[in-house]
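Below is start-v3.txt, which holds compact mmCIF, N, CA and C atoms.
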# COMPACT_ATOMS: atom_id res chain seq x y z
N GLN D 431 -5.02 -9.06 -17.71
CA GLN D 431 -4.36 -9.00 -16.40
C GLN D 431 -4.46 -7.59 -15.85
N VAL D 432 -4.77 -7.49 -14.58
CA VAL D 432 -4.90 -6.19 -13.94
C VAL D 432 -3.53 -5.51 -13.84
N GLN D 433 -3.51 -4.23 -14.16
CA GLN D 433 -2.29 -3.44 -13.97
C GLN D 433 -2.49 -2.47 -12.82
N LEU D 434 -1.43 -2.27 -12.07
CA LEU D 434 -1.47 -1.41 -10.88
C LEU D 434 -0.44 -0.31 -11.04
N VAL D 435 -0.85 0.92 -10.79
CA VAL D 435 0.05 2.07 -10.91
C VAL D 435 0.02 2.85 -9.61
N GLU D 436 1.16 2.81 -8.92
CA GLU D 436 1.29 3.52 -7.65
C GLU D 436 1.89 4.91 -7.87
N SER D 437 1.50 5.85 -7.01
CA SER D 437 2.03 7.21 -7.09
C SER D 437 1.94 7.87 -5.73
N GLY D 438 2.59 9.04 -5.62
CA GLY D 438 2.47 9.83 -4.40
C GLY D 438 3.68 9.80 -3.49
N GLY D 439 4.68 9.00 -3.82
CA GLY D 439 5.86 8.94 -2.98
C GLY D 439 6.70 10.21 -3.09
N GLY D 440 7.73 10.28 -2.27
CA GLY D 440 8.61 11.44 -2.31
C GLY D 440 9.58 11.44 -1.16
N LEU D 441 10.30 12.55 -1.03
CA LEU D 441 11.27 12.74 0.05
C LEU D 441 10.68 13.71 1.07
N VAL D 442 10.55 13.25 2.30
CA VAL D 442 10.02 14.09 3.36
C VAL D 442 10.89 13.96 4.60
N GLN D 443 10.66 14.85 5.55
CA GLN D 443 11.37 14.78 6.82
C GLN D 443 10.53 13.99 7.83
N ALA D 444 11.21 13.46 8.81
CA ALA D 444 10.52 12.72 9.86
C ALA D 444 9.41 13.57 10.47
N GLY D 445 8.27 12.94 10.69
CA GLY D 445 7.11 13.64 11.25
C GLY D 445 6.14 14.17 10.22
N GLU D 446 6.57 14.23 8.98
CA GLU D 446 5.71 14.74 7.91
C GLU D 446 4.79 13.64 7.37
N SER D 447 3.98 14.03 6.38
CA SER D 447 2.96 13.12 5.84
C SER D 447 3.08 12.98 4.33
N LEU D 448 2.57 11.87 3.84
CA LEU D 448 2.41 11.62 2.40
C LEU D 448 1.14 10.82 2.20
N LYS D 449 0.54 10.98 1.02
CA LYS D 449 -0.61 10.15 0.67
C LYS D 449 -0.32 9.44 -0.64
N LEU D 450 -0.32 8.14 -0.58
CA LEU D 450 -0.09 7.32 -1.76
C LEU D 450 -1.41 6.93 -2.40
N ALA D 451 -1.36 6.72 -3.71
CA ALA D 451 -2.53 6.25 -4.44
C ALA D 451 -2.12 5.11 -5.36
N CYS D 452 -3.03 4.20 -5.57
CA CYS D 452 -2.80 3.08 -6.48
C CYS D 452 -4.05 2.89 -7.32
N VAL D 453 -3.87 3.05 -8.62
CA VAL D 453 -4.98 2.89 -9.54
C VAL D 453 -4.87 1.55 -10.25
N ALA D 454 -5.98 0.83 -10.29
CA ALA D 454 -6.02 -0.48 -10.95
C ALA D 454 -6.84 -0.41 -12.23
N THR D 455 -6.40 -1.15 -13.22
CA THR D 455 -7.18 -1.24 -14.46
C THR D 455 -8.26 -2.31 -14.30
N GLY D 456 -9.20 -2.31 -15.24
CA GLY D 456 -10.23 -3.34 -15.24
C GLY D 456 -11.48 -2.91 -14.49
N ASN D 457 -12.48 -3.78 -14.53
CA ASN D 457 -13.76 -3.44 -13.91
C ASN D 457 -14.13 -4.39 -12.77
N MET D 458 -13.14 -5.08 -12.24
CA MET D 458 -13.39 -6.02 -11.14
C MET D 458 -12.79 -5.55 -9.83
N PHE D 459 -12.27 -4.32 -9.81
CA PHE D 459 -11.54 -3.83 -8.64
C PHE D 459 -12.36 -3.97 -7.36
N HIS D 460 -13.65 -3.68 -7.44
CA HIS D 460 -14.49 -3.68 -6.25
C HIS D 460 -14.63 -5.07 -5.63
N LEU D 461 -14.25 -6.10 -6.36
CA LEU D 461 -14.35 -7.46 -5.84
C LEU D 461 -13.08 -7.92 -5.11
N TYR D 462 -12.01 -7.13 -5.23
CA TYR D 462 -10.73 -7.54 -4.67
C TYR D 462 -10.51 -6.99 -3.26
N ASN D 463 -9.96 -7.84 -2.42
CA ASN D 463 -9.36 -7.36 -1.18
C ASN D 463 -7.98 -6.83 -1.56
N MET D 464 -7.67 -5.62 -1.11
CA MET D 464 -6.43 -4.97 -1.53
C MET D 464 -5.51 -4.71 -0.35
N ALA D 465 -4.24 -4.52 -0.64
CA ALA D 465 -3.27 -4.25 0.41
C ALA D 465 -2.15 -3.37 -0.12
N TRP D 466 -1.50 -2.70 0.81
CA TRP D 466 -0.26 -2.00 0.54
C TRP D 466 0.88 -2.83 1.15
N TYR D 467 1.95 -2.91 0.39
CA TYR D 467 3.17 -3.61 0.82
C TYR D 467 4.33 -2.64 0.69
N ARG D 468 5.46 -2.98 1.31
CA ARG D 468 6.64 -2.16 1.15
C ARG D 468 7.89 -3.03 1.21
N GLN D 469 8.93 -2.50 0.58
CA GLN D 469 10.23 -3.17 0.62
C GLN D 469 11.28 -2.12 0.88
N GLY D 470 11.88 -2.22 2.07
CA GLY D 470 12.93 -1.28 2.44
C GLY D 470 14.28 -1.73 1.93
N PRO D 471 15.29 -0.87 2.08
CA PRO D 471 16.64 -1.21 1.62
C PRO D 471 17.17 -2.48 2.28
N GLY D 472 17.48 -3.47 1.49
CA GLY D 472 18.05 -4.69 2.03
C GLY D 472 17.09 -5.57 2.81
N THR D 473 15.79 -5.31 2.67
CA THR D 473 14.82 -6.11 3.40
C THR D 473 13.84 -6.76 2.45
N GLY D 474 13.09 -7.72 2.95
CA GLY D 474 12.07 -8.36 2.13
C GLY D 474 10.81 -7.52 2.08
N ARG D 475 9.92 -7.90 1.19
CA ARG D 475 8.66 -7.19 1.06
C ARG D 475 7.73 -7.60 2.20
N GLU D 476 7.05 -6.61 2.77
CA GLU D 476 6.16 -6.89 3.89
C GLU D 476 4.84 -6.15 3.70
N LYS D 477 3.80 -6.70 4.30
CA LYS D 477 2.48 -6.08 4.20
C LYS D 477 2.37 -4.95 5.21
N VAL D 478 1.79 -3.84 4.75
CA VAL D 478 1.64 -2.66 5.59
C VAL D 478 0.21 -2.56 6.12
N ALA D 479 -0.75 -2.68 5.21
CA ALA D 479 -2.16 -2.54 5.58
C ALA D 479 -3.01 -3.20 4.52
N SER D 480 -4.22 -3.58 4.91
CA SER D 480 -5.13 -4.20 3.96
C SER D 480 -6.54 -3.67 4.15
N ILE D 481 -7.31 -3.72 3.06
CA ILE D 481 -8.71 -3.33 3.10
C ILE D 481 -9.49 -4.29 2.23
N SER D 482 -10.50 -4.88 2.81
CA SER D 482 -11.28 -5.87 2.08
C SER D 482 -12.29 -5.19 1.16
N ARG D 483 -12.95 -5.98 0.34
CA ARG D 483 -13.98 -5.42 -0.54
C ARG D 483 -15.16 -4.91 0.27
N ASP D 484 -15.25 -5.34 1.53
CA ASP D 484 -16.30 -4.87 2.43
C ASP D 484 -15.78 -3.81 3.40
N ASP D 485 -14.59 -3.28 3.11
CA ASP D 485 -13.96 -2.20 3.90
C ASP D 485 -13.51 -2.63 5.29
N ALA D 486 -13.27 -3.93 5.49
CA ALA D 486 -12.63 -4.37 6.73
C ALA D 486 -11.15 -4.05 6.61
N ILE D 487 -10.59 -3.45 7.64
CA ILE D 487 -9.22 -2.91 7.58
C ILE D 487 -8.34 -3.57 8.64
N LYS D 488 -7.10 -3.83 8.24
CA LYS D 488 -6.08 -4.32 9.17
C LYS D 488 -4.79 -3.55 8.92
N TYR D 489 -4.03 -3.36 9.99
CA TYR D 489 -2.73 -2.69 9.91
C TYR D 489 -1.66 -3.55 10.56
N SER D 490 -0.46 -3.47 9.99
CA SER D 490 0.67 -4.07 10.66
C SER D 490 1.01 -3.23 11.89
N ASP D 491 1.56 -3.88 12.88
CA ASP D 491 1.82 -3.18 14.15
C ASP D 491 2.72 -1.96 13.95
N PHE D 492 3.64 -2.02 13.00
CA PHE D 492 4.62 -0.96 12.88
C PHE D 492 4.04 0.31 12.24
N VAL D 493 2.81 0.28 11.75
CA VAL D 493 2.19 1.49 11.19
C VAL D 493 0.88 1.84 11.89
N LYS D 494 0.43 0.98 12.78
CA LYS D 494 -0.86 1.19 13.43
C LYS D 494 -0.88 2.54 14.16
N GLY D 495 -1.93 3.31 13.91
CA GLY D 495 -2.06 4.62 14.53
C GLY D 495 -1.42 5.75 13.74
N ARG D 496 -0.65 5.40 12.71
CA ARG D 496 0.02 6.43 11.90
C ARG D 496 -0.46 6.42 10.44
N PHE D 497 -0.79 5.26 9.92
CA PHE D 497 -1.21 5.12 8.52
C PHE D 497 -2.71 4.82 8.46
N THR D 498 -3.34 5.27 7.36
CA THR D 498 -4.75 5.00 7.13
C THR D 498 -4.95 4.52 5.70
N ILE D 499 -5.54 3.36 5.55
CA ILE D 499 -5.82 2.82 4.22
C ILE D 499 -7.30 3.07 3.90
N SER D 500 -7.56 3.36 2.64
CA SER D 500 -8.94 3.58 2.20
C SER D 500 -9.04 3.20 0.72
N ARG D 501 -10.26 3.14 0.22
CA ARG D 501 -10.44 2.81 -1.19
C ARG D 501 -11.63 3.57 -1.75
N ASP D 502 -11.57 3.79 -3.05
CA ASP D 502 -12.66 4.42 -3.79
C ASP D 502 -12.94 3.52 -4.99
N ASN D 503 -13.94 2.69 -4.87
CA ASN D 503 -14.21 1.73 -5.94
C ASN D 503 -14.63 2.40 -7.24
N ALA D 504 -15.26 3.56 -7.14
CA ALA D 504 -15.67 4.28 -8.35
C ALA D 504 -14.46 4.74 -9.16
N LYS D 505 -13.33 4.91 -8.48
CA LYS D 505 -12.10 5.35 -9.15
C LYS D 505 -11.08 4.23 -9.28
N ASN D 506 -11.47 3.02 -8.90
CA ASN D 506 -10.52 1.89 -8.96
C ASN D 506 -9.22 2.21 -8.22
N THR D 507 -9.33 2.87 -7.09
CA THR D 507 -8.15 3.39 -6.41
C THR D 507 -8.14 2.99 -4.94
N VAL D 508 -6.96 2.63 -4.46
CA VAL D 508 -6.74 2.41 -3.03
C VAL D 508 -5.68 3.42 -2.58
N TYR D 509 -5.87 3.97 -1.40
CA TYR D 509 -5.01 5.03 -0.88
C TYR D 509 -4.30 4.56 0.39
N LEU D 510 -3.19 5.24 0.68
CA LEU D 510 -2.51 5.04 1.95
C LEU D 510 -2.07 6.42 2.45
N GLN D 511 -2.76 6.90 3.46
CA GLN D 511 -2.38 8.15 4.11
C GLN D 511 -1.34 7.81 5.18
N MET D 512 -0.19 8.43 5.06
CA MET D 512 0.91 8.14 5.98
C MET D 512 1.26 9.38 6.77
N ASP D 513 1.03 9.35 8.05
CA ASP D 513 1.34 10.47 8.94
C ASP D 513 2.45 10.08 9.91
N SER D 514 3.03 11.08 10.52
CA SER D 514 4.11 10.86 11.50
C SER D 514 5.16 9.90 10.94
N LEU D 515 5.61 10.18 9.75
CA LEU D 515 6.56 9.28 9.09
C LEU D 515 7.88 9.22 9.85
N LYS D 516 8.49 8.05 9.82
CA LYS D 516 9.77 7.80 10.49
C LYS D 516 10.80 7.37 9.44
N PRO D 517 12.07 7.56 9.72
CA PRO D 517 13.10 7.10 8.77
C PRO D 517 12.97 5.62 8.43
N GLU D 518 12.52 4.81 9.36
CA GLU D 518 12.38 3.37 9.09
C GLU D 518 11.21 3.05 8.16
N ASP D 519 10.40 4.06 7.83
CA ASP D 519 9.34 3.87 6.83
C ASP D 519 9.89 4.00 5.41
N THR D 520 11.15 4.37 5.27
CA THR D 520 11.76 4.49 3.95
C THR D 520 11.69 3.15 3.23
N ALA D 521 11.08 3.16 2.04
CA ALA D 521 10.88 1.92 1.29
C ALA D 521 10.22 2.25 -0.04
N VAL D 522 10.17 1.26 -0.91
CA VAL D 522 9.32 1.34 -2.09
C VAL D 522 7.98 0.72 -1.70
N TYR D 523 6.92 1.44 -1.95
CA TYR D 523 5.58 1.00 -1.57
C TYR D 523 4.83 0.51 -2.80
N TYR D 524 4.16 -0.62 -2.63
CA TYR D 524 3.41 -1.26 -3.70
C TYR D 524 1.99 -1.57 -3.22
N CYS D 525 1.07 -1.60 -4.13
CA CYS D 525 -0.25 -2.13 -3.80
C CYS D 525 -0.44 -3.42 -4.61
N ASN D 526 -1.33 -4.26 -4.12
CA ASN D 526 -1.65 -5.50 -4.81
C ASN D 526 -2.82 -6.15 -4.09
N ALA D 527 -3.23 -7.28 -4.60
CA ALA D 527 -4.27 -8.03 -3.92
C ALA D 527 -3.77 -8.43 -2.53
N ASP D 528 -4.67 -8.52 -1.60
CA ASP D 528 -4.31 -8.91 -0.24
C ASP D 528 -4.19 -10.44 -0.19
N VAL D 529 -3.00 -10.91 0.11
CA VAL D 529 -2.78 -12.35 0.21
C VAL D 529 -2.05 -12.65 1.52
N ALA D 530 -2.20 -13.87 2.00
CA ALA D 530 -1.52 -14.26 3.23
C ALA D 530 -0.04 -14.51 2.99
N ASP D 531 0.28 -15.05 1.83
CA ASP D 531 1.67 -15.36 1.49
C ASP D 531 2.08 -14.49 0.30
N ILE D 532 2.95 -13.51 0.56
CA ILE D 532 3.36 -12.57 -0.48
C ILE D 532 4.01 -13.29 -1.66
N ARG D 533 4.59 -14.44 -1.42
CA ARG D 533 5.27 -15.18 -2.49
C ARG D 533 4.29 -15.64 -3.57
N ARG D 534 3.01 -15.63 -3.25
CA ARG D 534 2.00 -16.02 -4.24
C ARG D 534 1.83 -14.97 -5.33
N ILE D 535 2.25 -13.74 -5.03
CA ILE D 535 2.08 -12.65 -6.00
C ILE D 535 3.24 -12.67 -6.99
N THR D 536 2.91 -12.80 -8.26
CA THR D 536 3.95 -12.92 -9.28
C THR D 536 4.09 -11.66 -10.13
N SER D 537 3.14 -10.74 -10.02
CA SER D 537 3.19 -9.53 -10.83
C SER D 537 2.98 -8.32 -9.93
N TRP D 538 3.92 -7.37 -10.03
CA TRP D 538 3.89 -6.16 -9.24
C TRP D 538 3.94 -4.93 -10.15
N GLY D 539 3.40 -3.82 -9.64
CA GLY D 539 3.57 -2.55 -10.32
C GLY D 539 4.98 -2.02 -10.09
N GLN D 540 5.22 -0.80 -10.53
CA GLN D 540 6.57 -0.24 -10.39
C GLN D 540 6.84 0.28 -8.99
N GLY D 541 5.78 0.46 -8.20
CA GLY D 541 5.95 0.96 -6.86
C GLY D 541 6.20 2.46 -6.83
N THR D 542 6.20 3.03 -5.63
CA THR D 542 6.50 4.44 -5.45
C THR D 542 7.44 4.58 -4.27
N GLN D 543 8.53 5.32 -4.48
CA GLN D 543 9.58 5.44 -3.47
C GLN D 543 9.19 6.46 -2.41
N VAL D 544 9.29 6.06 -1.16
CA VAL D 544 9.11 6.96 -0.02
C VAL D 544 10.43 7.00 0.74
N THR D 545 10.95 8.20 0.91
CA THR D 545 12.20 8.39 1.64
C THR D 545 11.95 9.39 2.76
N VAL D 546 12.27 8.97 3.98
CA VAL D 546 12.05 9.81 5.15
C VAL D 546 13.41 10.12 5.77
N SER D 547 13.75 11.39 5.82
CA SER D 547 15.03 11.80 6.39
C SER D 547 14.83 12.18 7.86
N SER D 548 15.89 11.98 8.61
CA SER D 548 15.82 12.27 10.06
C SER D 548 16.20 13.71 10.35

As structure tokens - that is how I would like this structure written.
Amino acid sequence: QVQLVESGGGLVQAGESLKLACVATGNMFHLYNMAWYRQGPGTGREKVASISRDDAIKYSDFVKGRFTISRDNAKNTVYLQMDSLKPEDTAVYYCNADVADIRRITSWGQGTQVTVSS
């Protein structure tokens, strides 16, 4: 089973930036469409951005123009560059396979906490 390890979170002020990384185990990473998800305080998990194995990219409206997703297949890593952070971006961020229905995902990494102060 693939394991996912997220890192790069922290406490920042509004307007600042963070870059998250997610490293996957195994040798099939390049075949997966990947996504970043987040779960804020008292909210459900939602998709933030996705990148296909062919580098097709989609963003949720609430991060469009501020976040950038990328991947490095040689390093089994997917990144999320987050700029112009807002307090409402405060959440635990996770990476996983890109799926239409998040409920299909049964295994998650530990995530990385992002806290944005106003």

**Message:** At a cut-off of 7 Å, using only N, CA and C atoms, what residues contact stretch 454-458 of chain D? Leave out same-chain residues fewer than 3 positions from it and give the result as a PyMOL selection string.
**Reply:** chain D and resi 431-435+461-462+505-508

Can those selected residues be exported to a file as an mmCIF file, in the frame of the given file so that it contains N, CA and C atoms?
data_model
loop_
_atom_site.group_PDB
_atom_site.id
_atom_site.type_symbol
_atom_site.label_atom_id
_atom_site.label_comp_id
_atom_site.auth_asym_id
_atom_site.auth_seq_id
_atom_site.Cartn_x
_atom_site.Cartn_y
_atom_site.Cartn_z
ATOM 1 N N GLN D 431 -5.020 -9.060 -17.710
ATOM 2 C CA GLN D 431 -4.360 -9.000 -16.400
ATOM 3 C C GLN D 431 -4.460 -7.590 -15.850
ATOM 4 N N VAL D 432 -4.770 -7.490 -14.580
ATOM 5 C CA VAL D 432 -4.900 -6.190 -13.940
ATOM 6 C C VAL D 432 -3.530 -5.510 -13.840
ATOM 7 N N GLN D 433 -3.510 -4.230 -14.160
ATOM 8 C CA GLN D 433 -2.290 -3.440 -13.970
ATOM 9 C C GLN D 433 -2.490 -2.470 -12.820
ATOM 10 N N LEU D 434 -1.430 -2.270 -12.070
ATOM 11 C CA LEU D 434 -1.470 -1.410 -10.880
ATOM 12 C C LEU D 434 -0.440 -0.310 -11.040
ATOM 13 N N VAL D 435 -0.850 0.920 -10.790
ATOM 14 C CA VAL D 435 0.050 2.070 -10.910
ATOM 15 C C VAL D 435 0.020 2.850 -9.610
ATOM 16 N N LEU D 461 -14.250 -6.100 -6.360
ATOM 17 C CA LEU D 461 -14.350 -7.460 -5.840
ATOM 18 C C LEU D 461 -13.080 -7.920 -5.110
ATOM 19 N N TYR D 462 -12.010 -7.130 -5.230
ATOM 20 C CA TYR D 462 -10.730 -7.540 -4.670
ATOM 21 C C TYR D 462 -10.510 -6.990 -3.260
ATOM 22 N N LYS D 505 -13.330 4.910 -8.480
ATOM 23 C CA LYS D 505 -12.100 5.350 -9.150
ATOM 24 C C LYS D 505 -11.080 4.230 -9.280
ATOM 25 N N ASN D 506 -11.470 3.020 -8.900
ATOM 26 C CA ASN D 506 -10.520 1.890 -8.960
ATOM 27 C C ASN D 506 -9.220 2.210 -8.220
ATOM 28 N N THR D 507 -9.330 2.870 -7.090
ATOM 29 C CA THR D 507 -8.150 3.390 -6.410
ATOM 30 C C THR D 507 -8.140 2.990 -4.940
ATOM 31 N N VAL D 508 -6.960 2.630 -4.460
ATOM 32 C CA VAL D 508 -6.740 2.410 -3.030
ATOM 33 C C VAL D 508 -5.680 3.420 -2.580
#

**Prompt:** Restricting the calculation to only N, CA and C atoms, which member of D:Ser500, D:Gln469, D:Ser537, D:Gln443 is positioned closest to D:Tyr524?
**Reply:**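 Comparing D:Ser500, D:Gln469, D:Ser537, D:Gln443 against D:Tyr524, the winner is D:Gln469.
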
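Between D:Glu518 and the candidates D:Ser547, D:Asn503, D:Ser447, D:Ser482, the tightest atom-to-atom separation, counting only C-alpha atoms, involves D:Ser547.
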
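You will find atom C of D:Trp466 at 16.6 Å from atom C of D:Ser514.
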
**Prompt:** Got a sec: who's within 8 Å of stretch 525-530 of chain D, counting only C-alpha atoms, leaving out chain neighbours fewer than 5 positions off, as a PyMOL selection string?
**Reply:** chain D and resi 434+436+452+462-467+480-482+508+535+538-539+541

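Minimum atom-to-atom distance to D:Ala521, evaluated using only C-alpha atoms, belongs to D:Thr545 out of D:Thr545, D:Glu476, D:Val442, D:Ser490.
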
**Message:** Between D:Thr498, D:Thr473, D:Gln511, D:Ser437, which residue has the minimum interatomic distance to D:Gln543, considering only C-alpha atoms?
**Reply:**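 The answer is D:Ser437, which sits nearest to D:Gln543.
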
Test item: axis-aligned box, all listed atoms of stretch 511-515 of chain D, 6 Å on each side, centre and edges in Å rounded to one decimal, as lines of an AutoDock Vina configuration file:
center_x = 2.6
center_y = 9.0
center_z = 7.5
size_x = 22.6
size_y = 16.2
size_z = 20.0

**Prompt:** Just how far from atom C of D:Gly440 is atom N of D:Asp531, in Å to one decimal?
**Reply:**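 Atom-to-atom, atom N of D:Asp531 and atom C of D:Gly440 are spaced 28.2 Å apart.
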
**Request:** Output as a list of chain:residue names all residues of stretch 494-548 of chain D that backbone DSSP marks as strand (DSSP E).
**Result:**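 Output for stretch 494-548 of chain D, strand (DSSP E) only: D:Phe497, D:Thr498, D:Ile499, D:Ser500, D:Arg501, D:Asp502, D:Thr507, D:Val508, D:Tyr509, D:Leu510, D:Gln511, D:Met512, D:Ala521, D:Val522, D:Tyr523, D:Tyr524, D:Cys525, D:Asn526, D:Ala527, D:Thr542, D:Gln543, D:Val544, D:Thr545, D:Val546, D:Ser547.
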
Keeping only N, CA and C atoms, write the selected residues as a PDB file, in the frame of the given file.
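Produced file out-v3.pdb, reproduced below:
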ATOM      1  N   PHE D 497      -0.790   5.260   9.920  1.00  0.00           N
ATOM      2  CA  PHE D 497      -1.210   5.120   8.520  1.00  0.00           C
ATOM      3  C   PHE D 497      -2.710   4.820   8.460  1.00  0.00           C
ATOM      4  N   THR D 498      -3.340   5.270   7.360  1.00  0.00           N
ATOM      5  CA  THR D 498      -4.750   5.000   7.130  1.00  0.00           C
ATOM      6  C   THR D 498      -4.950   4.520   5.700  1.00  0.00           C
ATOM      7  N   ILE D 499      -5.540   3.360   5.550  1.00  0.00           N
ATOM      8  CA  ILE D 499      -5.820   2.820   4.220  1.00  0.00           C
ATOM      9  C   ILE D 499      -7.300   3.070   3.900  1.00  0.00           C
ATOM     10  N   SER D 500      -7.560   3.360   2.640  1.00  0.00           N
ATOM     11  CA  SER D 500      -8.940   3.580   2.200  1.00  0.00           C
ATOM     12  C   SER D 500      -9.040   3.200   0.720  1.00  0.00           C
ATOM     13  N   ARG D 501     -10.260   3.140   0.220  1.00  0.00           N
ATOM     14  CA  ARG D 501     -10.440   2.810  -1.190  1.00  0.00           C
ATOM     15  C   ARG D 501     -11.630   3.570  -1.750  1.00  0.00           C
ATOM     16  N   ASP D 502     -11.570   3.790  -3.050  1.00  0.00           N
ATOM     17  CA  ASP D 502     -12.660   4.420  -3.790  1.00  0.00           C
ATOM     18  C   ASP D 502     -12.940   3.520  -4.990  1.00  0.00           C
ATOM     19  N   THR D 507      -9.330   2.870  -7.090  1.00  0.00           N
ATOM     20  CA  THR D 507      -8.150   3.390  -6.410  1.00  0.00           C
ATOM     21  C   THR D 507      -8.140   2.990  -4.940  1.00  0.00           C
ATOM     22  N   VAL D 508      -6.960   2.630  -4.460  1.00  0.00           N
ATOM     23  CA  VAL D 508      -6.740   2.410  -3.030  1.00  0.00           C
ATOM     24  C   VAL D 508      -5.680   3.420  -2.580  1.00  0.00           C
ATOM     25  N   TYR D 509      -5.870   3.970  -1.400  1.00  0.00           N
ATOM     26  CA  TYR D 509      -5.010   5.030  -0.880  1.00  0.00           C
ATOM     27  C   TYR D 509      -4.300   4.560   0.390  1.00  0.00           C
ATOM     28  N   LEU D 510      -3.190   5.240   0.680  1.00  0.00           N
ATOM     29  CA  LEU D 510      -2.510   5.040   1.950  1.00  0.00           C
ATOM     30  C   LEU D 510      -2.070   6.420   2.450  1.00  0.00           C
ATOM     31  N   GLN D 511      -2.760   6.900   3.460  1.00  0.00           N
ATOM     32  CA  GLN D 511      -2.380   8.150   4.110  1.00  0.00           C
ATOM     33  C   GLN D 511      -1.340   7.810   5.180  1.00  0.00           C
ATOM     34  N   MET D 512      -0.190   8.430   5.060  1.00  0.00           N
ATOM     35  CA  MET D 512       0.910   8.140   5.980  1.00  0.00           C
ATOM     36  C   MET D 512       1.260   9.380   6.770  1.00  0.00           C
ATOM     37  N   ALA D 521      11.080   3.160   2.040  1.00  0.00           N
ATOM     38  CA  ALA D 521      10.880   1.920   1.290  1.00  0.00           C
ATOM     39  C   ALA D 521      10.220   2.250  -0.040  1.00  0.00           C
ATOM     40  N   VAL D 522      10.170   1.260  -0.910  1.00  0.00           N
ATOM     41  CA  VAL D 522       9.320   1.340  -2.090  1.00  0.00           C
ATOM     42  C   VAL D 522       7.980   0.720  -1.700  1.00  0.00           C
ATOM     43  N   TYR D 523       6.920   1.440  -1.950  1.00  0.00           N
ATOM     44  CA  TYR D 523       5.580   1.000  -1.570  1.00  0.00           C
ATOM     45  C   TYR D 523       4.830   0.510  -2.800  1.00  0.00           C
ATOM     46  N   TYR D 524       4.160  -0.620  -2.630  1.00  0.00           N
ATOM     47  CA  TYR D 524       3.410  -1.260  -3.700  1.00  0.00           C
ATOM     48  C   TYR D 524       1.990  -1.570  -3.220  1.00  0.00           C
ATOM     49  N   CYS D 525       1.070  -1.600  -4.130  1.00  0.00           N
ATOM     50  CA  CYS D 525      -0.250  -2.130  -3.800  1.00  0.00           C
ATOM     51  C   CYS D 525      -0.440  -3.420  -4.610  1.00  0.00           C
ATOM     52  N   ASN D 526      -1.330  -4.260  -4.120  1.00  0.00           N
ATOM     53  CA  ASN D 526      -1.650  -5.500  -4.810  1.00  0.00           C
ATOM     54  C   ASN D 526      -2.820  -6.150  -4.090  1.00  0.00           C
ATOM     55  N   ALA D 527      -3.230  -7.280  -4.600  1.00  0.00           N
ATOM     56  CA  ALA D 527      -4.270  -8.030  -3.920  1.00  0.00           C
ATOM     57  C   ALA D 527      -3.770  -8.430  -2.530  1.00  0.00           C
ATOM     58  N   THR D 542       6.200   3.030  -5.630  1.00  0.00           N
ATOM     59  CA  THR D 542       6.500   4.440  -5.450  1.00  0.00           C
ATOM     60  C   THR D 542       7.440   4.580  -4.270  1.00  0.00           C
ATOM     61  N   GLN D 543       8.530   5.320  -4.480  1.00  0.00           N
ATOM     62  CA  GLN D 543       9.580   5.440  -3.470  1.00  0.00           C
ATOM     63  C   GLN D 543       9.190   6.460  -2.410  1.00  0.00           C
ATOM     64  N   VAL D 544       9.290   6.060  -1.160  1.00  0.00           N
ATOM     65  CA  VAL D 544       9.110   6.960  -0.020  1.00  0.00           C
ATOM     66  C   VAL D 544      10.430   7.000   0.740  1.00  0.00           C
ATOM     67  N   THR D 545      10.950   8.200   0.910  1.00  0.00           N
ATOM     68  CA  THR D 545      12.200   8.390   1.640  1.00  0.00           C
ATOM     69  C   THR D 545      11.950   9.390   2.760  1.00  0.00           C
ATOM     70  N   VAL D 546      12.270   8.970   3.980  1.00  0.00           N
ATOM     71  CA  VAL D 546      12.050   9.810   5.150  1.00  0.00           C
ATOM     72  C   VAL D 546      13.410  10.120   5.770  1.00  0.00           C
ATOM     73  N   SER D 547      13.750  11.390   5.820  1.00  0.00           N
ATOM     74  CA  SER D 547      15.030  11.800   6.390  1.00  0.00           C
ATOM     75  C   SER D 547      14.830  12.180   7.860  1.00  0.00           C
TER      76      SER D 547
END

**Request:** Could you check how far atom C of D:Thr536 sits from atom C of D:Lys494, in Å to one decimal?
**Result:** 28.6 Å

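The nearest approach to D:Met512 among the residues D:Leu448, D:Val453, D:Val493, D:Val546, with only C-alpha atoms taken into account, belongs to D:Leu448.
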